[in-house]
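Working notes, structure below.
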Amino acid sequence: MEQQVISAIEFISTGDQSKVKQGEEFLRAQHQKAEYPGALLAAFSSTSPHVRQHAAILLKNYVKTFWKVPPEEVMPVPVRDQLKELLVNAMMTTTEPPVQRQLSETLTIISQFDFPEKWPNLLKSLVPQLATPNKMLPVLKTIHSILKRYRHEMNTDFINGQLGLIL
């Protein structure tokens, strides 16, 4: 499936309306398959920068649409957990700022639903990357976007419990 997803993304980038339509239809048909997000992440191995960026945008939009859907309907919990791990790794290995931004936003969207209860090791996987000079700024921006929801929260037992999990 990974090569088919890469080919569909390349079709979309051609500008030829029949190929664009064919690529879009193929990708839309893959949305209900649990392996689709993994195939989008596999597209980061493509040599083409526009394929990587388009895959990152598609993944972000997919997560924005389907992460809030109950896991048994689209993406089982083990697939979600694997995707979260692969997503952090992809963000740390990419060197292209536009792709990093899309992946960071994807992490932030997932964190709105899963962090800290369902994703307690998120910060533990990001913080060690702060020691790498070229990763420091993207990681700091990602951590900021994940934690900024607590900035204006009232001091409640629930919020204190979440902050206790984070710290």
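Each chain in the structure tokens gets a letter, A, B and so on, in the order shown; residues start at 1 in every chain, and ligands are counted from 1 in the order they appear.
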Do a neighbour search on A:Gln32 at 9 Å with only C-alpha atoms, toss out local chain neighbours closer than 2 positions, and write the hits as a PyMOL selection string.
chain A and resi 28-30+34-36+73-75
Output file for the residues above (N, CA, C and O atoms, as a PDB file, in the first residue's frame):
ATOM      1  N   ARG A  28      -8.767   8.933  -0.970  1.00  0.00           N
ATOM      2  CA  ARG A  28     -10.039   8.985  -0.237  1.00  0.00           C
ATOM      3  C   ARG A  28     -10.537   7.575   0.087  1.00  0.00           C
ATOM      4  O   ARG A  28     -11.083   7.324   1.155  1.00  0.00           O
ATOM      5  N   ALA A  29     -10.336   6.635  -0.826  1.00  0.00           N
ATOM      6  CA  ALA A  29     -10.771   5.249  -0.615  1.00  0.00           C
ATOM      7  C   ALA A  29      -9.955   4.566   0.485  1.00  0.00           C
ATOM      8  O   ALA A  29     -10.408   3.584   1.067  1.00  0.00           O
ATOM      9  N   GLN A  30      -8.767   5.079   0.777  1.00  0.00           N
ATOM     10  CA  GLN A  30      -7.893   4.453   1.775  1.00  0.00           C
ATOM     11  C   GLN A  30      -8.190   4.921   3.201  1.00  0.00           C
ATOM     12  O   GLN A  30      -7.716   4.319   4.156  1.00  0.00           O
ATOM     13  N   ALA A  34      -6.960   0.857   8.318  1.00  0.00           N
ATOM     14  CA  ALA A  34      -6.117   1.143   9.486  1.00  0.00           C
ATOM     15  C   ALA A  34      -4.663   1.392   9.106  1.00  0.00           C
ATOM     16  O   ALA A  34      -3.945   2.107   9.808  1.00  0.00           O
ATOM     17  N   GLU A  35      -4.211   0.835   7.985  1.00  0.00           N
ATOM     18  CA  GLU A  35      -2.808   1.010   7.601  1.00  0.00           C
ATOM     19  C   GLU A  35      -2.537   2.293   6.812  1.00  0.00           C
ATOM     20  O   GLU A  35      -1.383   2.604   6.509  1.00  0.00           O
ATOM     21  N   TYR A  36      -3.568   3.062   6.507  1.00  0.00           N
ATOM     22  CA  TYR A  36      -3.393   4.285   5.717  1.00  0.00           C
ATOM     23  C   TYR A  36      -2.452   5.305   6.382  1.00  0.00           C
ATOM     24  O   TYR A  36      -1.526   5.795   5.727  1.00  0.00           O
ATOM     25  N   GLU A  73     -13.861   2.219  15.266  1.00  0.00           N
ATOM     26  CA  GLU A  73     -14.496   2.542  13.995  1.00  0.00           C
ATOM     27  C   GLU A  73     -13.501   2.721  12.857  1.00  0.00           C
ATOM     28  O   GLU A  73     -13.809   2.391  11.716  1.00  0.00           O
ATOM     29  N   VAL A  74     -12.354   3.273  13.108  1.00  0.00           N
ATOM     30  CA  VAL A  74     -11.404   3.553  12.022  1.00  0.00           C
ATOM     31  C   VAL A  74     -10.026   2.968  12.302  1.00  0.00           C
ATOM     32  O   VAL A  74      -9.474   2.247  11.473  1.00  0.00           O
ATOM     33  N   MET A  75      -9.486   3.295  13.447  1.00  0.00           N
ATOM     34  CA  MET A  75      -8.103   2.945  13.742  1.00  0.00           C
ATOM     35  C   MET A  75      -8.020   2.329  15.136  1.00  0.00           C
ATOM     36  O   MET A  75      -8.218   3.019  16.130  1.00  0.00           O
TER      37      MET A  75
END
Can you list, as a VMD selection string, all residues belonging to stretch 59-159 of chain A that DSSP tags as alpha helix (DSSP H)?
chain A and resid 59 to 66 77 to 93 97 to 114 122 to 126 133 to 147 157 to 159
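Contact shell of A:Glu25 at 12 Å (only C-alpha atoms; same-chain neighbours under 4 positions omitted): Val5, Ala8, Ile9, Phe11, Ile12, Ser18, Lys19, Val20, Lys21, Ala29, Gln30 and His31 of chain A.
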Preceding selection exported with N, CA, C and O atoms as a JSON list (two decimals), in the first residue's frame:
[["chain", "number", "residue", "atom", "x", "y", "z"],
["A", 5, "VAL", "N", 0.34, 4.70, -2.23],
["A", 5, "VAL", "CA", 0.08, 6.02, -1.65],
["A", 5, "VAL", "C", 1.07, 7.03, -2.21],
["A", 5, "VAL", "O", 0.69, 8.14, -2.59],
["A", 8, "ALA", "N", 0.02, 7.85, -5.68],
["A", 8, "ALA", "CA", -1.16, 8.71, -5.69],
["A", 8, "ALA", "C", -0.78, 10.15, -5.38],
["A", 8, "ALA", "O", -1.29, 11.09, -6.00],
["A", 9, "ILE", "N", 0.13, 10.33, -4.42],
["A", 9, "ILE", "CA", 0.59, 11.69, -4.09],
["A", 9, "ILE", "C", 1.33, 12.30, -5.29],
["A", 9, "ILE", "O", 1.15, 13.47, -5.60],
["A", 11, "PHE", "N", 0.76, 11.57, -8.40],
["A", 11, "PHE", "CA", -0.29, 11.89, -9.37],
["A", 11, "PHE", "C", -0.90, 13.25, -9.07],
["A", 11, "PHE", "O", -1.13, 14.06, -9.96],
["A", 12, "ILE", "N", -1.17, 13.50, -7.80],
["A", 12, "ILE", "CA", -1.80, 14.76, -7.40],
["A", 12, "ILE", "C", -0.89, 15.94, -7.73],
["A", 12, "ILE", "O", -1.36, 17.02, -8.10],
["A", 18, "SER", "N", -6.83, 14.60, -14.84],
["A", 18, "SER", "CA", -7.28, 13.20, -14.75],
["A", 18, "SER", "C", -6.43, 12.44, -13.73],
["A", 18, "SER", "O", -6.95, 11.63, -12.96],
["A", 19, "LYS", "N", -5.11, 12.71, -13.71],
["A", 19, "LYS", "CA", -4.25, 12.05, -12.73],
["A", 19, "LYS", "C", -4.52, 12.56, -11.32],
["A", 19, "LYS", "O", -4.49, 11.80, -10.35],
["A", 20, "VAL", "N", -4.76, 13.86, -11.20],
["A", 20, "VAL", "CA", -5.07, 14.45, -9.89],
["A", 20, "VAL", "C", -6.33, 13.80, -9.33],
["A", 20, "VAL", "O", -6.37, 13.37, -8.18],
["A", 21, "LYS", "N", -7.35, 13.69, -10.16],
["A", 21, "LYS", "CA", -8.61, 13.09, -9.72],
["A", 21, "LYS", "C", -8.41, 11.62, -9.34],
["A", 21, "LYS", "O", -8.93, 11.16, -8.32],
["A", 29, "ALA", "N", -10.34, 6.64, -0.83],
["A", 29, "ALA", "CA", -10.77, 5.25, -0.61],
["A", 29, "ALA", "C", -9.95, 4.57, 0.48],
["A", 29, "ALA", "O", -10.41, 3.58, 1.07],
["A", 30, "GLN", "N", -8.77, 5.08, 0.78],
["A", 30, "GLN", "CA", -7.89, 4.45, 1.78],
["A", 30, "GLN", "C", -8.19, 4.92, 3.20],
["A", 30, "GLN", "O", -7.72, 4.32, 4.16],
["A", 31, "HIS", "N", -8.97, 5.98, 3.36],
["A", 31, "HIS", "CA", -9.21, 6.57, 4.69],
["A", 31, "HIS", "C", -9.72, 5.58, 5.72],
["A", 31, "HIS", "O", -9.40, 5.70, 6.90]]
Contacts of stretch 53-63 of chain A at 10 Å or less, counting only C-alpha atoms, minus same-chain residues fewer than 4 places along, as a VMD selection string?
chain A and resid 5 to 6 9 to 10 12 to 13 27 31 36 to 44 46 48 to 49 67 to 69 87 90 to 91 96 to 110
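With only C-alpha atoms as the atoms that count, the residue of A:Val77, A:Glu72, A:His50, A:Glu24 with the shortest distance to A:Asp114 is A:Val77.
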